[in-house]
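Data block below; observations after.
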Amino acid sequence: MNETERQLRDVIAELDDLTSKAFASTVEEVNIIFGRTFEQLFGGGSARLVLTDPDDLTISGVDIIAQLPNRREQGLGLLSGGERSLTAAALIFSLLKVSPTPFCVMDEVDAALD
(Lines give C-alpha, C1' and ligand atoms only; values in the text may rest on other atoms or scores of the structure.)
Protein backbone atom coordinates (compact mmCIF):
# COMPACT_ATOMS: atom_id res chain seq x y z
CA MET A 1 0.00 0.00 0.00
CA ASN A 2 1.50 3.33 -0.94
CA GLU A 3 1.55 6.39 1.31
CA THR A 4 -1.30 8.20 -0.47
CA GLU A 5 -3.61 5.22 -0.16
CA ARG A 6 -2.79 4.87 3.55
CA GLN A 7 -3.50 8.57 4.13
CA LEU A 8 -6.80 8.26 2.28
CA ARG A 9 -7.82 5.28 4.41
CA ASP A 10 -6.90 7.23 7.56
CA VAL A 11 -9.04 10.18 6.46
CA ILE A 12 -11.97 7.87 5.68
CA ALA A 13 -11.65 6.18 9.08
CA GLU A 14 -11.55 9.56 10.82
CA LEU A 15 -14.63 10.76 8.91
CA ASP A 16 -16.47 7.54 9.77
CA ASP A 17 -15.64 8.08 13.43
CA LEU A 18 -16.77 11.72 13.40
CA THR A 19 -19.96 10.82 11.52
CA SER A 20 -20.76 7.98 13.91
CA LYS A 21 -20.27 10.19 16.97
CA ALA A 22 -22.41 12.99 15.54
CA PHE A 23 -25.14 10.53 14.50
CA ALA A 24 -25.19 8.82 17.91
CA SER A 25 -25.34 12.16 19.71
CA THR A 26 -28.16 13.43 17.51
CA VAL A 27 -30.18 10.22 17.83
CA GLU A 28 -29.77 10.33 21.62
CA GLU A 29 -30.93 13.95 21.81
CA VAL A 30 -33.85 13.42 19.41
CA ASN A 31 -34.84 10.25 21.29
CA ILE A 32 -35.30 12.16 24.56
CA ILE A 33 -37.41 14.88 22.97
CA PHE A 34 -39.32 12.34 20.85
CA GLY A 35 -40.41 10.44 23.96
CA ARG A 36 -41.71 13.63 25.58
CA THR A 37 -43.44 14.85 22.43
CA PHE A 38 -45.07 11.47 21.82
CA GLU A 39 -46.37 11.42 25.39
CA GLN A 40 -47.86 14.90 24.97
CA LEU A 41 -49.57 14.08 21.66
CA PHE A 42 -51.04 10.80 22.90
CA GLY A 43 -51.80 11.87 26.47
CA GLY A 44 -49.51 9.16 27.81
CA GLY A 45 -47.60 6.18 26.52
CA SER A 46 -43.99 6.19 25.41
CA ALA A 47 -41.89 5.99 22.27
CA ARG A 48 -38.23 5.54 21.52
CA LEU A 49 -35.82 5.33 18.64
CA VAL A 50 -33.79 2.14 18.31
CA LEU A 51 -30.68 1.79 16.14
CA THR A 52 -30.88 -1.19 13.78
CA ASP A 53 -27.10 -1.73 13.90
CA PRO A 54 -25.63 -0.06 17.00
CA ASP A 55 -22.25 -1.71 16.36
CA ASP A 56 -21.77 0.09 13.02
CA LEU A 57 -23.41 3.50 13.02
CA THR A 58 -22.21 4.26 9.49
CA ILE A 59 -24.80 1.80 8.15
CA SER A 60 -27.35 1.77 10.98
CA GLY A 61 -30.95 2.67 10.47
CA VAL A 62 -33.45 3.81 13.07
CA ASP A 63 -36.62 1.99 14.11
CA ILE A 64 -39.48 3.50 16.08
CA ILE A 65 -40.93 1.55 18.98
CA ALA A 66 -44.13 2.96 20.47
CA GLN A 67 -46.36 2.10 23.38
CA LEU A 68 -49.68 3.88 23.26
CA PRO A 69 -51.55 4.42 26.54
CA ASN A 70 -52.87 1.12 27.91
CA ARG A 71 -51.36 -0.87 25.02
CA ARG A 72 -48.30 -3.02 24.57
CA GLU A 73 -45.07 -1.87 22.94
CA GLN A 74 -45.01 -2.32 19.15
CA GLY A 75 -43.22 -1.24 16.01
CA LEU A 76 -44.43 1.55 13.76
CA GLY A 77 -45.80 -0.91 11.19
CA LEU A 78 -48.33 -2.29 13.67
CA LEU A 79 -49.91 1.08 14.44
CA SER A 80 -53.05 2.35 12.74
CA GLY A 81 -52.75 5.05 10.09
CA GLY A 82 -53.73 7.79 12.51
CA GLU A 83 -51.36 6.52 15.18
CA ARG A 84 -48.54 6.40 12.63
CA SER A 85 -49.34 9.97 11.54
CA LEU A 86 -49.19 11.31 15.09
CA THR A 87 -46.02 9.32 15.79
CA ALA A 88 -44.40 10.69 12.64
CA ALA A 89 -45.47 14.21 13.64
CA ALA A 90 -43.88 13.69 17.07
CA LEU A 91 -40.65 12.63 15.36
CA ILE A 92 -40.69 15.61 12.98
CA PHE A 93 -41.33 18.03 15.86
CA SER A 94 -38.46 16.42 17.78
CA LEU A 95 -36.08 16.74 14.84
CA LEU A 96 -37.08 20.38 14.41
CA LYS A 97 -36.50 21.02 18.12
CA VAL A 98 -32.97 19.58 17.90
CA SER A 99 -32.14 21.20 14.55
CA PRO A 100 -34.50 24.12 13.89
CA THR A 101 -35.28 25.34 10.39
CA PRO A 102 -36.62 28.79 9.45
CA PHE A 103 -39.95 27.23 8.48
CA CYS A 104 -41.54 23.86 7.83
CA VAL A 105 -44.45 23.18 5.49
CA MET A 106 -46.51 20.06 6.07
CA ASP A 107 -49.36 19.06 3.82
CA GLU A 108 -52.22 16.71 4.70
CA VAL A 109 -50.68 15.66 8.01
CA ASP A 110 -54.15 14.81 9.27
CA ALA A 111 -55.22 12.71 6.25
CA ALA A 112 -55.04 9.41 8.16
CA LEU A 113 -56.86 10.91 11.14
CA ASP A 114 -60.21 11.19 9.32
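Chain labels run A, B, ... following the order of the C-alpha coordinates; each chain numbers its residues from 1, and ligands are numbered from 1 in the order shown.
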Worksheet item: range 98-114 of chain A: which residues within 10 Å, counting only C-alpha atoms, same-chain residues fewer than 3 positions away excluded, as a PyMOL selection string?
Response: chain A and resi 26-27+29-30+33+80-86+88-89+92-95
Worksheet item: Where in chain A does DSSP assign helix (DSSP H, G or I), given as a VMD selection string?
Response: chain A and resid 3 to 42 76 to 78 81 to 98 111 to 113
Discussion item. Taking the DSSP secondary structure from the backbone, can you list the residues of range 40-105 of chain A that are strand (DSSP E), as a PyMOL selection string?
Written reply: chain A and resi 46-51+62-67+74-75
Worksheet entry | Point-to-point distance from CA of Gly77 in chain A to CA of Leu51 in chain A, Å rounded to tenths |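 These atoms are spaced 16.1 Å apart.
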Worksheet item: To one decimal place, how far is CA of Asn31 in chain A from CA of Val50 in chain A in Å?
Response: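 CA of Val50 in chain A lies at a distance of 8.7 Å from CA of Asn31 in chain A.
Coordinates place CA of Arg72 in chain A at a distance of 9.4 Å from CA of Gly45 in chain A.
Taking only C-alpha atoms into account, Glu73 in chain A lies nearest to A:Ser46 out of the set A:Gln40, A:Ser46, A:Asn2, A:Ser25.
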Fill in: Close residues, Leu76 in chain A itself excluded, 6 Å, only C-alpha atoms, min 2 positions apart in chain, as a list in words
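Once the nearby chain positions are removed, what remains is Ile64, Leu78 and Leu79 of chain A.
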Selected residues written out with N, CA and C atoms, as an mmCIF file, in the first residue's frame:
```cif
data_model
loop_
_atom_site.group_PDB
_atom_site.id
_atom_site.type_symbol
_atom_site.label_atom_id
_atom_site.label_comp_id
_atom_site.auth_asym_id
_atom_site.auth_seq_id
_atom_site.Cartn_x
_atom_site.Cartn_y
_atom_site.Cartn_z
ATOM 1 N N ILE A 64 -38.656 2.847 15.064
ATOM 2 C CA ILE A 64 -39.479 3.501 16.076
ATOM 3 C C ILE A 64 -40.267 2.430 16.816
ATOM 4 N N LEU A 78 -47.146 -1.699 13.052
ATOM 5 C CA LEU A 78 -48.330 -2.294 13.666
ATOM 6 C C LEU A 78 -49.332 -1.258 14.162
ATOM 7 N N LEU A 79 -49.004 0.018 14.023
ATOM 8 C CA LEU A 79 -49.913 1.079 14.444
ATOM 9 C C LEU A 79 -50.924 1.367 13.345
#
```
When you look at range 10-20 of chain A with a cut-off of 10 Å (counting only C-alpha atoms), what residues show up, excluding the ones that are within fewer than 6 positions of it in the same chain? I need them as a short mmCIF file (atom, residue, chain, number, x, y, z; two decimals) with N, CA and C atoms, in the first residue's frame.
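Contents of the output file out.cif:
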```
data_model
loop_
_atom_site.label_atom_id
_atom_site.label_comp_id
_atom_site.auth_asym_id
_atom_site.auth_seq_id
_atom_site.Cartn_x
_atom_site.Cartn_y
_atom_site.Cartn_z
N THR A 4 -0.07 7.48 -0.15
CA THR A 4 -1.30 8.20 -0.47
C THR A 4 -2.53 7.37 -0.12
N THR A 26 -26.90 12.88 18.01
CA THR A 26 -28.16 13.43 17.51
C THR A 26 -29.32 12.48 17.81
N PRO A 54 -26.39 -0.95 16.11
CA PRO A 54 -25.63 -0.06 17.00
C PRO A 54 -24.12 -0.30 16.97
N ASP A 56 -22.33 -0.62 14.18
CA ASP A 56 -21.77 0.09 13.02
C ASP A 56 -22.71 1.22 12.63
N LEU A 57 -22.51 2.37 13.23
CA LEU A 57 -23.41 3.50 13.02
C LEU A 57 -23.34 4.08 11.62
N THR A 58 -22.30 3.74 10.85
CA THR A 58 -22.21 4.26 9.49
C THR A 58 -23.24 3.62 8.57
N ILE A 59 -23.79 2.47 8.97
CA ILE A 59 -24.80 1.80 8.15
C ILE A 59 -26.11 1.58 8.90
N SER A 60 -26.17 2.02 10.14
CA SER A 60 -27.35 1.77 10.98
C SER A 60 -28.55 2.58 10.52
#
```
Fill in: Option closest in space to Pro69 in chain A, from A:Gly43, A:Lys21, A:Glu28, A:Lys97 [counting only C-alpha atoms]
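Using only C-alpha atoms, the shortest distance to Pro69 in chain A belongs to A:Gly43.
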